[in-house]
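Asks: work-v3.pdb is reproduced in full below (PDB, C-alpha atoms, pLDDT in the B column).
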MODEL        1
ATOM      1  CA  MET A  22       0.000   0.000   0.000  1.00 46.00           C
ATOM      2  CA  THR A  23       1.420   3.398  -1.002  1.00 48.00           C
ATOM      3  CA  LYS A  24       1.611   6.439   1.215  1.00 46.00           C
ATOM      4  CA  ASP A  25      -1.358   8.142  -0.456  1.00 47.00           C
ATOM      5  CA  GLU A  26      -3.670   5.139  -0.180  1.00 52.00           C
ATOM      6  CA  ILE A  27      -6.164   4.884   2.676  1.00 54.00           C
ATOM      7  CA  SER A  28      -6.883   1.484   4.182  1.00 60.00           C
ATOM      8  CA  LEU A  29     -10.235   0.331   5.518  1.00 60.00           C
ATOM      9  CA  SER A  30      -8.738   0.163   8.986  1.00 64.00           C
ATOM     10  CA  GLU A  31      -7.833   3.860   8.825  1.00 62.00           C
ATOM     11  CA  ILE A  32     -11.380   4.737   7.776  1.00 61.00           C
ATOM     12  CA  TYR A  33     -12.705   2.624  10.641  1.00 62.00           C
ATOM     13  CA  ILE A  34     -10.370   4.318  13.117  1.00 66.00           C
ATOM     14  CA  TYR A  35     -11.474   7.723  11.800  1.00 66.00           C
ATOM     15  CA  PHE A  36     -15.150   6.962  12.350  1.00 67.00           C
ATOM     16  CA  ILE A  37     -14.525   5.526  15.803  1.00 70.00           C
ATOM     17  CA  GLY A  38     -12.549   8.621  16.727  1.00 69.00           C
ATOM     18  CA  GLU A  39     -15.233  11.010  15.507  1.00 76.00           C
ATOM     19  CA  VAL A  40     -18.311   8.967  16.401  1.00 81.00           C
ATOM     20  CA  ARG A  41     -19.223  11.362  19.205  1.00 83.00           C
ATOM     21  CA  THR A  42     -19.096  14.422  16.933  1.00 84.00           C
ATOM     22  CA  ILE A  43     -20.944  12.636  14.144  1.00 86.00           C
ATOM     23  CA  SER A  44     -23.639  11.391  16.529  1.00 88.00           C
ATOM     24  CA  ILE A  45     -24.176  14.784  18.163  1.00 90.00           C
ATOM     25  CA  VAL A  46     -24.506  16.627  14.845  1.00 91.00           C
ATOM     26  CA  PHE A  47     -26.773  13.931  13.412  1.00 91.00           C
ATOM     27  CA  PHE A  48     -29.181  13.830  16.354  1.00 92.00           C
ATOM     28  CA  VAL A  49     -29.299  17.625  16.723  1.00 93.00           C
ATOM     29  CA  LEU A  50     -30.257  18.064  13.065  1.00 93.00           C
ATOM     30  CA  LEU A  51     -32.634  15.105  13.229  1.00 92.00           C
ATOM     31  CA  SER A  52     -34.363  16.620  16.268  1.00 93.00           C
ATOM     32  CA  LEU A  53     -34.750  19.950  14.467  1.00 94.00           C
ATOM     33  CA  GLY A  54     -36.206  18.187  11.428  1.00 91.00           C
ATOM     34  CA  VAL A  55     -38.668  16.189  13.527  1.00 91.00           C
ATOM     35  CA  ALA A  56     -39.727  19.329  15.395  1.00 91.00           C
ATOM     36  CA  TYR A  57     -40.275  21.139  12.093  1.00 90.00           C
ATOM     37  CA  ALA A  58     -42.286  18.247  10.642  1.00 87.00           C
ATOM     38  CA  MET A  59     -44.481  17.880  13.727  1.00 88.00           C
ATOM     39  CA  THR A  60     -45.374  21.574  13.760  1.00 87.00           C
ATOM     40  CA  ARG A  61     -46.650  21.620  10.171  1.00 87.00           C
ATOM     41  CA  PRO A  62     -50.344  22.546  10.122  1.00 87.00           C
ATOM     42  CA  THR A  63     -53.072  20.143   9.093  1.00 88.00           C
ATOM     43  CA  LEU A  64     -54.239  20.931   5.563  1.00 90.00           C
ATOM     44  CA  TYR A  65     -57.291  19.878   3.583  1.00 93.00           C
ATOM     45  CA  MET A  66     -57.291  18.804  -0.055  1.00 94.00           C
ATOM     46  CA  SER A  67     -60.517  18.881  -2.050  1.00 95.00           C
ATOM     47  CA  VAL A  68     -60.792  17.137  -5.416  1.00 94.00           C
ATOM     48  CA  ALA A  69     -63.470  16.856  -8.099  1.00 93.00           C
ATOM     49  CA  SER A  70     -63.564  15.620 -11.680  1.00 91.00           C
ATOM     50  CA  VAL A  71     -65.037  17.737 -14.463  1.00 90.00           C
ATOM     51  CA  ILE A  72     -66.233  16.105 -17.676  1.00 86.00           C
ATOM     52  CA  VAL A  73     -65.698  18.556 -20.521  1.00 85.00           C
ATOM     53  CA  GLY A  74     -68.661  18.683 -22.909  1.00 80.00           C
ATOM     54  CA  ASN A  75     -68.519  18.227 -26.665  1.00 78.00           C
ATOM     55  CA  SER A  76     -69.121  20.764 -29.393  1.00 75.00           C
ATOM     56  CA  ILE A  77     -72.102  20.532 -31.739  1.00 69.00           C
ATOM     57  CA  SER A  78     -71.277  18.347 -34.711  1.00 63.00           C
ATOM     58  CA  LEU A  79     -73.318  17.156 -37.679  1.00 54.00           C
ATOM     59  CA  ASP A  80     -71.174  14.042 -37.768  1.00 54.00           C
ATOM     60  CA  SER A  81     -72.211  11.800 -34.877  1.00 53.00           C
ATOM     61  CA  SER A  82     -69.164   9.572 -35.367  1.00 55.00           C
ATOM     62  CA  THR A  83     -66.780  12.333 -34.346  1.00 59.00           C
ATOM     63  CA  SER A  84     -66.745  14.555 -31.298  1.00 66.00           C
ATOM     64  CA  LYS A  85     -64.700  17.582 -30.384  1.00 75.00           C
ATOM     65  CA  GLN A  86     -64.396  18.969 -26.893  1.00 78.00           C
ATOM     66  CA  LEU A  87     -65.709  22.464 -26.255  1.00 78.00           C
ATOM     67  CA  GLU A  88     -62.243  23.349 -24.967  1.00 83.00           C
ATOM     68  CA  ASN A  89     -59.180  21.133 -25.003  1.00 82.00           C
ATOM     69  CA  PRO A  90     -57.641  20.250 -21.614  1.00 80.00           C
ATOM     70  CA  GLU A  91     -54.633  22.545 -22.082  1.00 82.00           C
ATOM     71  CA  VAL A  92     -56.945  25.520 -22.576  1.00 84.00           C
ATOM     72  CA  VAL A  93     -58.972  24.539 -19.513  1.00 85.00           C
ATOM     73  CA  VAL A  94     -55.790  24.403 -17.410  1.00 84.00           C
ATOM     74  CA  TYR A  95     -54.623  27.789 -18.705  1.00 84.00           C
ATOM     75  CA  LYS A  96     -57.942  29.611 -18.309  1.00 86.00           C
ATOM     76  CA  TYR A  97     -59.324  28.303 -15.032  1.00 86.00           C
ATOM     77  CA  SER A  98     -56.343  27.502 -12.773  1.00 82.00           C
ATOM     78  CA  HIS A  99     -56.840  30.502 -10.510  1.00 79.00           C
ATOM     79  CA  GLY A 100     -57.136  29.299  -6.933  1.00 81.00           C
ATOM     80  CA  SER A 101     -56.929  25.606  -7.726  1.00 90.00           C
ATOM     81  CA  THR A 102     -54.868  23.061  -9.625  1.00 91.00           C
ATOM     82  CA  ILE A 103     -56.321  21.554 -12.797  1.00 92.00           C
ATOM     83  CA  THR A 104     -54.864  18.324 -14.146  1.00 90.00           C
ATOM     84  CA  PRO A 105     -56.067  16.704 -17.393  1.00 89.00           C
ATOM     85  CA  VAL A 106     -56.689  12.954 -17.253  1.00 87.00           C
ATOM     86  CA  LYS A 107     -54.758  11.489 -20.166  1.00 86.00           C
ATOM     87  CA  ASN A 108     -56.743  10.334 -23.219  1.00 83.00           C
ATOM     88  CA  THR A 109     -60.093  11.427 -21.755  1.00 84.00           C
ATOM     89  CA  ASN A 110     -62.295  14.508 -21.709  1.00 84.00           C
ATOM     90  CA  ILE A 111     -61.933  14.694 -17.927  1.00 87.00           C
ATOM     91  CA  VAL A 112     -59.941  17.204 -15.909  1.00 90.00           C
ATOM     92  CA  GLU A 113     -59.273  16.918 -12.187  1.00 92.00           C
ATOM     93  CA  VAL A 114     -59.729  20.064 -10.128  1.00 93.00           C
ATOM     94  CA  SER A 115     -58.006  20.164  -6.736  1.00 94.00           C
ATOM     95  CA  ALA A 116     -57.156  22.703  -4.067  1.00 94.00           C
ATOM     96  CA  ILE A 117     -55.353  22.680  -0.727  1.00 92.00           C
ATOM     97  CA  ALA A 118     -56.165  25.033   2.142  1.00 92.00           C
ATOM     98  CA  GLU A 119     -55.786  25.262   5.906  1.00 90.00           C
ATOM     99  CA  ASP A 120     -59.495  24.665   6.486  1.00 90.00           C
ATOM    100  CA  ARG A 121     -61.990  22.329   4.851  1.00 91.00           C
ATOM    101  CA  LYS A 122     -64.417  25.059   3.792  1.00 93.00           C
ATOM    102  CA  SER A 123     -61.783  27.082   1.933  1.00 93.00           C
ATOM    103  CA  SER A 124     -60.477  24.080   0.010  1.00 93.00           C
ATOM    104  CA  ILE A 125     -64.010  23.172  -1.092  1.00 93.00           C
ATOM    105  CA  GLN A 126     -64.764  26.771  -2.077  1.00 93.00           C
ATOM    106  CA  LYS A 127     -61.647  27.011  -4.249  1.00 93.00           C
ATOM    107  CA  VAL A 128     -62.593  23.867  -6.147  1.00 93.00           C
ATOM    108  CA  GLN A 129     -66.224  24.938  -6.466  1.00 93.00           C
ATOM    109  CA  ILE A 130     -65.263  28.341  -7.877  1.00 92.00           C
ATOM    110  CA  SER A 131     -63.106  26.730 -10.568  1.00 91.00           C
ATOM    111  CA  ILE A 132     -65.841  24.227 -11.411  1.00 91.00           C
ATOM    112  CA  ASN A 133     -68.435  26.996 -11.686  1.00 91.00           C
ATOM    113  CA  ASP A 134     -66.132  28.992 -13.975  1.00 90.00           C
ATOM    114  CA  ILE A 135     -65.517  25.992 -16.235  1.00 89.00           C
ATOM    115  CA  VAL A 136     -69.171  24.924 -16.422  1.00 88.00           C
ATOM    116  CA  LYS A 137     -70.496  28.446 -17.019  1.00 89.00           C
ATOM    117  CA  ALA A 138     -67.922  29.290 -19.699  1.00 87.00           C
ATOM    118  CA  GLN A 139     -68.435  26.028 -21.551  1.00 85.00           C
ATOM    119  CA  ASN A 140     -72.213  26.237 -21.345  1.00 84.00           C
ATOM    120  CA  ASP A 141     -71.928  29.709 -22.891  1.00 87.00           C
ATOM    121  CA  ILE A 142     -69.740  28.302 -25.664  1.00 83.00           C
ATOM    122  CA  TYR A 143     -72.227  25.516 -26.334  1.00 79.00           C
ATOM    123  CA  GLN A 144     -75.177  27.916 -26.284  1.00 80.00           C
ATOM    124  CA  ASN A 145     -73.420  30.134 -28.805  1.00 84.00           C
ATOM    125  CA  GLN A 146     -72.792  27.131 -31.063  1.00 76.00           C
ATOM    126  CA  GLU A 147     -76.412  26.066 -30.703  1.00 75.00           C
ATOM    127  CA  ASN A 148     -77.707  29.522 -31.655  1.00 78.00           C
ATOM    128  CA  LYS A 149     -75.514  29.556 -34.750  1.00 76.00           C
ATOM    129  CA  PHE A 150     -76.716  26.080 -35.688  1.00 74.00           C
ATOM    130  CA  ILE A 151     -80.361  27.115 -35.336  1.00 72.00           C
ATOM    131  CA  LYS A 152     -79.746  30.134 -37.576  1.00 74.00           C
ATOM    132  CA  TYR A 153     -78.110  27.806 -40.083  1.00 72.00           C
ATOM    133  CA  LEU A 154     -81.187  25.554 -40.029  1.00 67.00           C
ATOM    134  CA  ALA A 155     -83.426  28.542 -40.695  1.00 67.00           C
ATOM    135  CA  ILE A 156     -81.818  29.207 -44.070  1.00 68.00           C
ATOM    136  CA  LEU A 157     -81.907  25.580 -45.196  1.00 65.00           C
ATOM    137  CA  GLU A 158     -84.680  24.496 -47.523  1.00 61.00           C
ATOM    138  CA  ILE A 159     -86.094  21.726 -45.364  1.00 64.00           C
ATOM    139  CA  THR A 160     -89.558  21.099 -43.993  1.00 63.00           C
ATOM    140  CA  ASP A 161     -90.660  22.341 -40.599  1.00 64.00           C
ATOM    141  CA  THR A 162     -91.126  18.752 -39.468  1.00 66.00           C
ATOM    142  CA  THR A 163     -87.517  17.939 -40.286  1.00 63.00           C
ATOM    143  CA  LYS A 164     -86.364  21.076 -38.506  1.00 59.00           C
ATOM    144  CA  MET A 165     -88.328  20.084 -35.406  1.00 65.00           C
ATOM    145  CA  GLN A 166     -86.780  16.621 -35.472  1.00 60.00           C
ATOM    146  CA  ILE A 167     -83.290  18.085 -35.768  1.00 60.00           C
ATOM    147  CA  LEU A 168     -83.949  20.535 -32.930  1.00 60.00           C
ATOM    148  CA  SER A 169     -85.243  17.693 -30.765  1.00 61.00           C
ATOM    149  CA  ILE A 170     -82.071  15.707 -31.421  1.00 55.00           C
ATOM    150  CA  LEU A 171     -80.039  18.826 -30.687  1.00 56.00           C
ATOM    151  CA  GLN A 172     -81.804  19.312 -27.361  1.00 59.00           C
ATOM    152  CA  ASP A 173     -81.113  15.709 -26.358  1.00 52.00           C
ATOM    153  CA  ALA A 174     -77.474  16.107 -27.372  1.00 53.00           C
ATOM    154  CA  SER A 175     -77.248  19.292 -25.331  1.00 52.00           C
ATOM    155  CA  SER A 176     -78.320  17.456 -22.190  1.00 51.00           C
ATOM    156  CA  SER A 177     -75.982  14.507 -22.705  1.00 48.00           C
ATOM    157  CA  SER A 178     -72.888  16.463 -23.744  1.00 57.00           C
ATOM    158  CA  ALA A 179     -73.066  19.321 -21.245  1.00 68.00           C
ATOM    159  CA  THR A 180     -70.030  19.964 -19.067  1.00 77.00           C
ATOM    160  CA  HIS A 181     -70.601  18.685 -15.537  1.00 78.00           C
ATOM    161  CA  SER A 182     -68.653  17.663 -12.464  1.00 83.00           C
ATOM    162  CA  SER A 183     -68.553  14.970  -9.830  1.00 85.00           C
ATOM    163  CA  GLU A 184     -69.079  15.617  -6.138  1.00 91.00           C
ATOM    164  CA  ILE A 185     -66.210  17.272  -4.293  1.00 92.00           C
ATOM    165  CA  ALA A 186     -64.256  14.911  -2.033  1.00 92.00           C
ATOM    166  CA  THR A 187     -62.111  16.343   0.769  1.00 93.00           C
ATOM    167  CA  THR A 188     -59.164  14.640   2.454  1.00 91.00           C
ATOM    168  CA  GLU A 189     -57.367  15.696   5.625  1.00 89.00           C
ATOM    169  CA  LEU A 190     -53.577  16.023   5.296  1.00 87.00           C
ATOM    170  CA  PRO A 191     -51.876  15.784   8.721  1.00 87.00           C
ATOM    171  CA  TYR A 192     -48.544  17.637   8.960  1.00 80.00           C
ATOM    172  CA  SER A 193     -49.351  19.331   5.622  1.00 79.00           C
ATOM    173  CA  GLY A 194     -49.165  15.923   3.954  1.00 80.00           C
ATOM    174  CA  LYS A 195     -45.364  16.172   3.795  1.00 82.00           C
ATOM    175  CA  ILE A 196     -44.222  14.186   6.832  1.00 85.00           C
ATOM    176  CA  TYR A 197     -42.413  11.503   4.796  1.00 88.00           C
ATOM    177  CA  LYS A 198     -40.715  13.981   2.465  1.00 89.00           C
ATOM    178  CA  ILE A 199     -39.561  16.135   5.372  1.00 89.00           C
ATOM    179  CA  MET A 200     -38.227  13.151   7.322  1.00 92.00           C
ATOM    180  CA  PHE A 201     -36.394  11.744   4.307  1.00 93.00           C
ATOM    181  CA  ALA A 202     -34.770  15.109   3.598  1.00 93.00           C
ATOM    182  CA  THR A 203     -33.931  15.552   7.291  1.00 93.00           C
ATOM    183  CA  ILE A 204     -32.209  12.161   7.588  1.00 94.00           C
ATOM    184  CA  LEU A 205     -30.255  12.740   4.381  1.00 95.00           C
ATOM    185  CA  ILE A 206     -29.110  16.234   5.365  1.00 94.00           C
ATOM    186  CA  ALA A 207     -28.333  15.185   8.950  1.00 92.00           C
ATOM    187  CA  THR A 208     -26.228  12.242   7.743  1.00 91.00           C
ATOM    188  CA  LEU A 209     -24.226  14.302   5.258  1.00 92.00           C
ATOM    189  CA  ALA A 210     -23.759  17.175   7.695  1.00 91.00           C
ATOM    190  CA  ALA A 211     -22.661  14.827  10.489  1.00 89.00           C
ATOM    191  CA  LEU A 212     -20.083  13.113   8.285  1.00 85.00           C
ATOM    192  CA  ALA A 213     -18.841  16.473   7.035  1.00 87.00           C
ATOM    193  CA  ALA A 214     -18.531  17.778  10.604  1.00 86.00           C
ATOM    194  CA  GLY A 215     -16.562  14.698  11.612  1.00 81.00           C
ATOM    195  CA  ALA A 216     -14.274  15.034   8.601  1.00 79.00           C
ATOM    196  CA  ILE A 217     -13.637  18.724   9.276  1.00 81.00           C
ATOM    197  CA  LYS A 218     -12.869  18.074  12.927  1.00 78.00           C
ATOM    198  CA  GLY A 219     -10.525  15.241  12.015  1.00 70.00           C
ATOM    199  CA  PHE A 220      -8.779  17.419   9.440  1.00 72.00           C
ATOM    200  CA  VAL A 221      -8.339  20.278  11.923  1.00 73.00           C
ATOM    201  CA  ILE A 222      -6.897  17.920  14.534  1.00 69.00           C
ATOM    202  CA  ALA A 223      -4.561  16.355  11.981  1.00 65.00           C
ATOM    203  CA  CYS A 224      -3.322  19.770  10.857  1.00 70.00           C
ATOM    204  CA  GLY A 225      -2.648  20.789  14.440  1.00 61.00           C
ATOM    205  CA  LYS A 226      -0.353  17.864  15.098  1.00 58.00           C
TER     206      LYS A 226
ENDMDL
END
In structure tokens, what does this structure look like?
Replies:
Amino acid sequence: MTKDEISLSEIYIYFIGEVRTISIVFFVLLSLGVAYAMTRPTLYMSVASVIVGNSISLDSSTSKQLENPEVVVYKYSHGSTITPVKNTNIVEVSAIAEDRKSSIQKVQISINDIVKAQNDIYQNQENKFIKYLAILEITDTTKMQILSILQDASSSSATHSSEIATTELPYSGKIYKIMFATILIATLAALAAGAIKGFVIACGK
């Protein structure tokens, strides 16, 4: 073994010599992390799913959403978080607050905004479609049949939401993340403190 190489026995001796310093630093930082985690407030997360309605289409085999999920996220993510569900016309609306009522209100406001805006879009499309029917040379009976179908489609394709579900999040729902980060930081800091102390002692000899 050359002069610059470090043997396992030397590493072992180093840790034994600095075990007190390493332990003190580790447990002090761990205690601070635990205290921080335990004092996090309880939060409440409310979640609801919104089914985005479809636009009016003369082709029943195809359907187009009134607004695509990216637009919904951009326009209505004010006090809540909106997450599109992949390959569906569903978006998930969620909000976190320090009390149950506030979290529910945030979700409800976003849902109301989405539903109202999309109902307005659909109503505008419907009005244009009715005007288009008026200029077509078809019988009144046919027009009534088309309008009846349109009314049924309006009911089935309207934007609507599920009930809002609320979950309690003790310690802000971050207890595991905080503890993992605390243990990691405490371990690294303790080893660094031991190494620095050992280096200072070695330099002083």
Asks: Against stretch 190-211 of chain A, which residues of stretch 77-144 of chain A fall within 10 Å? For each one I want the closest pair of atoms and the distance in Å (one decimal), counting only C-alpha atoms, rows by chain and increasing residue number, as JSON lines.
Replies:
{"residue": "A:Ile117", "atom": "CA", "partner": "A:Leu190", "partner_atom": "CA", "distance": 9.2}
{"residue": "A:Ala118", "atom": "CA", "partner": "A:Ser193", "partner_atom": "CA", "distance": 9.5}
{"residue": "A:Glu119", "atom": "CA", "partner": "A:Ser193", "partner_atom": "CA", "distance": 8.8}
Asks: Name the residues that the PyMOL selection byres ((chain A and resi 129-142) around 7) pulls out of this structure, and write them as a list of chain:residue names.
Replies: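 Residues picked by the PyMOL selection byres ((chain A and resi 129-142) around 7): A:Leu87, A:Tyr97, A:Ser101, A:Ile125, A:Gln126, A:Lys127, A:Val128, A:Tyr143, A:Gln144, A:Asn145, A:Gln146, A:Ala179, A:Thr180, A:His181.
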Asks: Write the residues of the preceding selection, restricted to C-alpha atoms, as a PDB file, keeping the file's coordinate frame.
Replies:
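The resulting selection.pdb:
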ATOM      1  CA  LEU A  87     -65.709  22.464 -26.255  1.00 78.00           C
ATOM      2  CA  TYR A  97     -59.324  28.303 -15.032  1.00 86.00           C
ATOM      3  CA  SER A 101     -56.929  25.606  -7.726  1.00 90.00           C
ATOM      4  CA  ILE A 125     -64.010  23.172  -1.092  1.00 93.00           C
ATOM      5  CA  GLN A 126     -64.764  26.771  -2.077  1.00 93.00           C
ATOM      6  CA  LYS A 127     -61.647  27.011  -4.249  1.00 93.00           C
ATOM      7  CA  VAL A 128     -62.593  23.867  -6.147  1.00 93.00           C
ATOM      8  CA  TYR A 143     -72.227  25.516 -26.334  1.00 79.00           C
ATOM      9  CA  GLN A 144     -75.177  27.916 -26.284  1.00 80.00           C
ATOM     10  CA  ASN A 145     -73.420  30.134 -28.805  1.00 84.00           C
ATOM     11  CA  GLN A 146     -72.792  27.131 -31.063  1.00 76.00           C
ATOM     12  CA  ALA A 179     -73.066  19.321 -21.245  1.00 68.00           C
ATOM     13  CA  THR A 180     -70.030  19.964 -19.067  1.00 77.00           C
ATOM     14  CA  HIS A 181     -70.601  18.685 -15.537  1.00 78.00           C
TER      15      HIS A 181
END
Asks: Calculate how many Å separate atom CA of A:Thr104 from atom CA of A:Pro62, rounding to one decimal.
Replies: 25.0 Å
Asks: To one decimal place in Å, what is the distance between atom CA of A:Ser124 and atom CA of A:Glu184?
Replies: 13.5 Å
Asks: Just the number, please: distance in Å from atom CA of A:Thr102 to atom CA of A:Ala116, one decimal.
Replies: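 Going from atom CA of A:Thr102 over to atom CA of A:Ala116, I get 6.0 Å.
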Asks: Have a look at A:Val46, A:Leu212, A:Val112, A:Cys224 and name the one nearest to A:Gly74; count all atoms listed in the file.
Replies: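 With all atoms listed in the file as the atom set, the closest residue is A:Val112.
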Asks: List every protein, DNA or RNA residue that has an atom no more than 10 Å from (-60.2, 24.6, -21.3) in the file's coordinate frame, counting all atoms listed in the file, and report them as a PyMOL selection string.
Replies: chain A and resi 73+86-98+103+105+112+135+138-139
Asks: Which residue gives the smallest distance to A:Lys122 among A:Ile45, A:Ala186, A:Ala216, A:Ala58, with all atoms listed in the file counted?
Replies: A:Ala186
Asks: Using all atoms listed in the file, which of the listed residues (A:Ser183, A:Ser115, A:Ile217, A:Asn148) sits closest to A:Tyr65?
Replies: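 Distance minimum relative to A:Tyr65 lands on A:Ser115.
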